[in-house]
Amino acid sequence: MLRYRYCGRLLLGSVTGRLSLGMVPVALILAAQADGHSLARAGVLAALYGIAPAIGLPLLGRLADLRGLLLPCCLGAALVAVALGTLAVAGTAHLPLTAGCAVLAGAGCPPLEGGLRSLWHTVLPDDAHVRTAYALDSSTQEIVYVTGPALAVTVATWLSPAAALAAAAAVTVAGSLAFATAAPARAWRAAPRRRERPGVLRPPAMRLLLASLVLLGATIGALDVAAIAVAQRQDASWLAGVLPAAFSAAGLLGGAAFARLQPTTAPQPRHLMWLGAAYAACWLPLLAPLPAQAVLALALLPGALFVPLLTVASLTVTRLAPPGTSTEAVGWMASAIRLGLAGGTALAGPLGGNFALPLTAAAGCALLLCVRTAPTPAAVSAAAATPV
């Protein structure tokens, strides 16, 4: 797939521009603590940044569908650069200013993920390659949330937390410009969209699918807290960092396997239901009182299914989206997952940090996916007649 012209540049630019999503929360916490704020206040700042893209991504995605990709990608990158640059220069001592910049940096995240998925059809020869591209793109999200925090910690340790914030701004600008100035991105325009409201959220199946993705995101948010809790209970501090990393690594391998073994035709609703049920079932063994090594091994099971489930969900979101709304639809998808991440993290602590919460969220996700998610015949006809 990457042998085709522009594919490597678009994927690399998108991943680079999204690295700040993994870098900024860690850099914000380190910068706030260096300026004398408590861990609780630093965590609130990181949470504000984490939730803000749930507002900004659909809006910038809609702008992309209306005006093309160059304007929203450059606008978003500029907002991120200004906000993070202000924090890097002024510091985080002034809490209201810091909170405002954190929200602006999050809300300004360029719509690179949605833009990339809108472009695959223009640079690849057939639907089979596009489905492989979706699997690869979903897998690279694991890289963002593993490499981003590590890069932020490295820069903050070698230089300063302010330098880590500046580095996050730099990679956002560099990746966004590399992506948005590629010829396919500059030439792309969405299909004409209808004017009825509420647009992307009009199909009932879309709303159900987005609700299930909120619960899917909650499993990941709860996992990070559960890893810390299990590490403390078993006096195995190494598990707190290794468990989420192993989950992500399993996701990369699962995504690669799915790209090779996926059905030769477009995924059907039953595939989404089967993956959701299997993902929920894989959390069950983690409820047992197990040693740290066994917990780590069993966490690979849901990790391996996360990317295939996310890939099929992405393809379904694109199929359900009304004509001319593909980028906005992916923005809503990213928003749903990020809201789930924040909610899962917030609830996991008060509930004891065990694996019951990710299991419950995964089961709820599976139940919602059991509701029919196929588009209506009219929607299928419109999607077949209109390039994504």
# chains A, B, ... in the order shown; residues from 1 in each chain; ligands from 1

$ residues_around --residues "stretch 51-68 of chain A" --least-positions-apart "2" --cutoff "6 Å" --atoms "only C-alpha atoms" --output "count of residues only"
17

$ residues_around --residues "A:Trp283" --least-positions-apart "3" --cutoff "9 Å" --atoms "only C-alpha atoms" --output "VMD selection string"
chain A and resid 279 to 280 286 to 287 298 to 299 301 to 302 355 to 356 358 to 359 362

$ closest_residue --among "A:Ala292, A:Ala182, A:Ala90, A:Leu369" --to "A:Leu213" --atoms "only C-alpha atoms"
A:Leu369

$ atom_distance --atom1 "atom CA of A:Ala128" --atom2 "atom CA of A:Gly254"
17.9 Å

$ residues_around --residues "A:Val171" --least-positions-apart "6" --cutoff "8 Å" --atoms "only C-alpha atoms" --output "PDB file with C-alpha atoms, in the first residue's frame"
ATOM      1  CA  THR A  16       3.567  13.300  13.188  1.00  0.00           C
ATOM      2  CA  GLY A  17       0.881  15.959  13.472  1.00  0.00           C
ATOM      3  CA  LEU A  19       1.997  13.090  18.220  1.00  0.00           C
ATOM      4  CA  SER A  20       1.095  16.123  20.339  1.00  0.00           C
TER       5      SER A  20
END

$ atom_distance --atom1 "atom CA of A:Ala32" --atom2 "atom CA of A:Leu351"
26.8 Å
